[in-house]
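Please read the structure below before turning to the comments.
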Amino acid sequence: MTNLNTIAGATAPKTLPYGVNSRPELTESTQLAVGSAAVWPEESEPAISQKICEIAKNDKEGKVNHHVPEMVWFHKFEDTSTVDIRKTLGLQDAERGRRILHITIFRKLDPITDLSEDEFLGAWWHIVVCHYALWDKKVLNHHHDINPSNLMVYKASDGRFIGVLNDFDLSSTRDSPSGQERTGTIAFMAIELLSKEGTDKHLYRHNAESFIWVLTWVCLRYQKGRLLNKGTQLDVWLQVDAIEGRKEKYDFLYWGRNDIEPSPSHLKNWDFAQFCLDTLGSHYAVRSNLRLPLEDHIVFETWLENQIHHSKRLGLGIPHMLSIT
């Protein structure tokens, strides 16, 4: 078992974050602060956090390394099998769903919503790239609940903020069974998932769309890290069911966003979000039975990456850390 006294002395790996030109040494406060997570994965499956950490350790491009929670301690409690618990309680079908308790300690992170303008957009892009890299490596089947609470940051010693994709509790690996295709927060879920029957398969484009809704939400709801008072057009998104949420988001996508004002601290980010929303609107403008299948790399490039380049060409002040080379 790892001695937790070593946490303060741990250092960042040598691989550079994607789009960053020098290694982000952790600040002293970041080195000392930790958070924890307890999950009950299937006994036959290693914890997803372990898989992700292994990917990060071997990442040479910096797309994943530094952009997932840094594990400082892990323990699997072998005597907590749900099978043994059910047998002790005399429950029927005790062998069904064999799970075991894992506890992991990570470095403490801060919410991405604390940031504004270039700092926010840079961290958001780090996370988008990290997520796609993990998907492309067939590590994740889906990260079910992409929302602002799961997008985190830490501050490097040189003042830069590094984006981190957090909370894999609702994720599953490609070889794991799905069945939670409409698990998530309605405000940030893909419109296609907001139906009575949901969908048979969670696709990369659903996650890409969630990242766009998160970007939109922060631009309109946060001012210099502070959540704005209620009364914004988006408030209702947190109060409706899936069907009403789909209607509200359709209305916003084609009409509601035309006259809405972003917060002053996210003016440039809102310009970029609008380009992403334009692409999303073009996708949904085609009847569902006529839409051509979109390969994952096409979605990443056309919905997200190309919008970065387009915004830079128009001189919207997109930060240098978003360069794709």
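If you're wondering about the labels, chains in the structure tokens are A, B, ... by order shown, residues count from 1 in each chain, ligands from 1 in order shown.
Look at region 277-293 of chain A: the protein and nucleic acid residues within 9 Å of it, using only C-alpha atoms and passing over chain neighbours fewer than 3 places away, are Ile191, Glu192, Glu209, Ile212, Trp213, Thr216, Tyr250, Leu253, Tyr254, Phe272, Ala273, Gln274, Thr302, Trp303, Leu304 and Gln307 of chain A.
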Would you please extract all helix (DSSP H, G or I) residues from region 101-320 of chain A, as assigned by DSSP on the backbone, and give them as a VMD selection string?
chain A and resid 112 to 114 117 to 136 148 to 150 186 to 188 191 to 193 204 to 221 235 to 238 242 to 254 256 to 258 264 to 284 288 to 290 296 to 313 320
Between CA of Asp79 (chain A) and CA of Leu101 (chain A), what is the distance in Å, rounded to a tenth?
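These two atoms are separated by 8.7 Å.
When CA of Gln50 (chain A) is paired with CA of Leu121 (chain A), their separation reads 27.8 Å.
Take CA of Cys276 (chain A) and CA of Asn150 (chain A): the distance between them is 20.4 Å.
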Which residue of A:Phe211, A:Trp217, A:Tyr222, A:Tyr154 approaches Pro69 (chain A) most closely, using only C-alpha atoms:
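For Pro69 (chain A), the nearest of the candidates is A:Tyr154.
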Test item, strand (DSSP E) assignment across region 89-175 of chain A, answer as a list in words:
Leu101, His102, Ile103, Thr104, Ile105, Phe106, Arg107, Asp110, Pro111, His142, His143, Leu151, Met152, Val153, Tyr154, Lys155, Phe161, Ile162, Gly163, Val164, Leu165, Ser171 and Ser172 of chain A
Skipping near chain neighbours, those fewer than 4 positions away, what residues fall within 10 Å of Trp237 (chain A) using only C-alpha atoms, listed as a ChimeraX atom specification?
/A:185-188,233,241-242,244-249
Please produce an output containing all heavy atoms for each residue in the selection, written as a compact mmCIF listing (two decimals), in the first residue's frame.
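Once everything was written out, this is part21.txt:
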```txt
# COMPACT_ATOMS: atom_id res chain seq x y z
N THR A 185 -26.99 14.22 -18.19
CA THR A 185 -27.70 15.42 -17.79
C THR A 185 -28.35 16.01 -19.03
O THR A 185 -27.67 16.33 -20.01
CB THR A 185 -26.71 16.44 -17.18
OG1 THR A 185 -25.99 15.80 -16.12
CG2 THR A 185 -27.45 17.64 -16.64
N ILE A 186 -29.66 16.17 -19.02
CA ILE A 186 -30.43 16.56 -20.20
C ILE A 186 -29.88 17.82 -20.86
O ILE A 186 -29.81 17.92 -22.08
CB ILE A 186 -31.91 16.72 -19.84
CG1 ILE A 186 -32.54 15.34 -19.61
CG2 ILE A 186 -32.67 17.48 -20.93
CD1 ILE A 186 -33.98 15.38 -19.15
N ALA A 187 -29.48 18.79 -20.04
CA ALA A 187 -29.00 20.06 -20.59
C ALA A 187 -27.80 19.88 -21.51
O ALA A 187 -27.57 20.72 -22.40
CB ALA A 187 -28.65 21.01 -19.45
N PHE A 188 -27.05 18.82 -21.34
CA PHE A 188 -25.82 18.64 -22.11
C PHE A 188 -25.84 17.40 -23.00
O PHE A 188 -24.86 17.11 -23.67
CB PHE A 188 -24.63 18.57 -21.14
CG PHE A 188 -24.65 19.67 -20.12
CD1 PHE A 188 -24.95 19.39 -18.79
CD2 PHE A 188 -24.45 20.98 -20.49
CE1 PHE A 188 -25.02 20.39 -17.85
CE2 PHE A 188 -24.51 22.01 -19.55
CZ PHE A 188 -24.79 21.71 -18.23
N GLN A 233 -32.25 32.19 -20.33
CA GLN A 233 -33.04 31.37 -21.24
C GLN A 233 -32.80 29.88 -21.03
O GLN A 233 -33.66 29.05 -21.33
CB GLN A 233 -32.72 31.76 -22.68
CG GLN A 233 -33.54 31.03 -23.74
CD GLN A 233 -33.20 31.50 -25.15
OE1 GLN A 233 -32.67 32.59 -25.32
NE2 GLN A 233 -33.49 30.68 -26.14
N ASP A 241 -38.19 17.19 -18.82
CA ASP A 241 -37.83 15.81 -19.11
C ASP A 241 -37.15 15.73 -20.47
O ASP A 241 -36.92 16.76 -21.13
CB ASP A 241 -39.06 14.90 -19.04
CG ASP A 241 -40.15 15.29 -20.06
OD1 ASP A 241 -39.85 16.04 -21.01
OD2 ASP A 241 -41.30 14.84 -19.89
N ALA A 242 -36.83 14.51 -20.90
CA ALA A 242 -36.07 14.35 -22.14
C ALA A 242 -36.79 14.91 -23.35
O ALA A 242 -36.18 15.61 -24.17
CB ALA A 242 -35.75 12.87 -22.35
N GLU A 244 -39.24 17.23 -23.58
CA GLU A 244 -39.29 18.69 -23.54
C GLU A 244 -37.91 19.29 -23.72
O GLU A 244 -37.75 20.35 -24.34
CB GLU A 244 -39.91 19.17 -22.22
CG GLU A 244 -41.41 18.91 -22.11
CD GLU A 244 -42.18 19.61 -23.21
OE1 GLU A 244 -41.89 20.79 -23.48
OE2 GLU A 244 -43.08 18.97 -23.81
N GLY A 245 -36.89 18.61 -23.21
CA GLY A 245 -35.52 19.08 -23.39
C GLY A 245 -35.12 19.10 -24.85
O GLY A 245 -34.46 20.03 -25.32
N ARG A 246 -35.55 18.09 -25.59
CA ARG A 246 -35.26 18.06 -27.03
C ARG A 246 -35.91 19.24 -27.73
O ARG A 246 -35.27 19.91 -28.57
CB ARG A 246 -35.78 16.75 -27.62
CG ARG A 246 -35.50 16.60 -29.11
CD ARG A 246 -36.16 15.33 -29.65
NE ARG A 246 -37.61 15.41 -29.53
CZ ARG A 246 -38.41 14.36 -29.66
NH1 ARG A 246 -37.91 13.16 -29.88
NH2 ARG A 246 -39.72 14.51 -29.56
N LYS A 247 -37.15 19.53 -27.39
CA LYS A 247 -37.85 20.66 -28.02
C LYS A 247 -37.17 21.98 -27.68
O LYS A 247 -37.00 22.85 -28.54
CB LYS A 247 -39.31 20.68 -27.55
CG LYS A 247 -40.13 19.48 -28.00
CD LYS A 247 -41.53 19.53 -27.41
CE LYS A 247 -42.35 18.31 -27.82
NZ LYS A 247 -43.70 18.32 -27.18
N GLU A 248 -36.79 22.14 -26.41
CA GLU A 248 -36.13 23.39 -25.99
C GLU A 248 -34.80 23.58 -26.72
O GLU A 248 -34.47 24.69 -27.17
CB GLU A 248 -35.89 23.37 -24.48
CG GLU A 248 -37.15 23.49 -23.63
CD GLU A 248 -37.76 24.87 -23.71
OE1 GLU A 248 -37.02 25.84 -24.01
OE2 GLU A 248 -38.97 24.99 -23.45
N LYS A 249 -34.05 22.52 -26.89
CA LYS A 249 -32.74 22.64 -27.52
C LYS A 249 -32.85 22.84 -29.03
O LYS A 249 -32.06 23.56 -29.63
CB LYS A 249 -31.89 21.43 -27.16
CG LYS A 249 -31.54 21.39 -25.67
CD LYS A 249 -30.87 20.12 -25.25
CE LYS A 249 -29.40 20.16 -25.45
NZ LYS A 249 -28.71 19.03 -24.79
```
List as a PyMOL selection string the protein and nucleic acid residues near Leu294 (chain A), meaning an atom at most 9 Å away when only C-alpha atoms are counted, but skip any in the same chain fewer than 4 places from it.
chain A and resi 205+298-299
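Counting only C-alpha atoms, the residue from A:Val240, A:Leu234, A:Cys219, A:Leu228 that sits nearest to Ser265 (chain A) is A:Cys219.
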Exercise: Val153 (chain A) partners within 6 Å, only C-alpha atoms, chain neighbours under 2 positions left out, as a PyMOL selection string:
chain A and resi 109-110+112+162-164
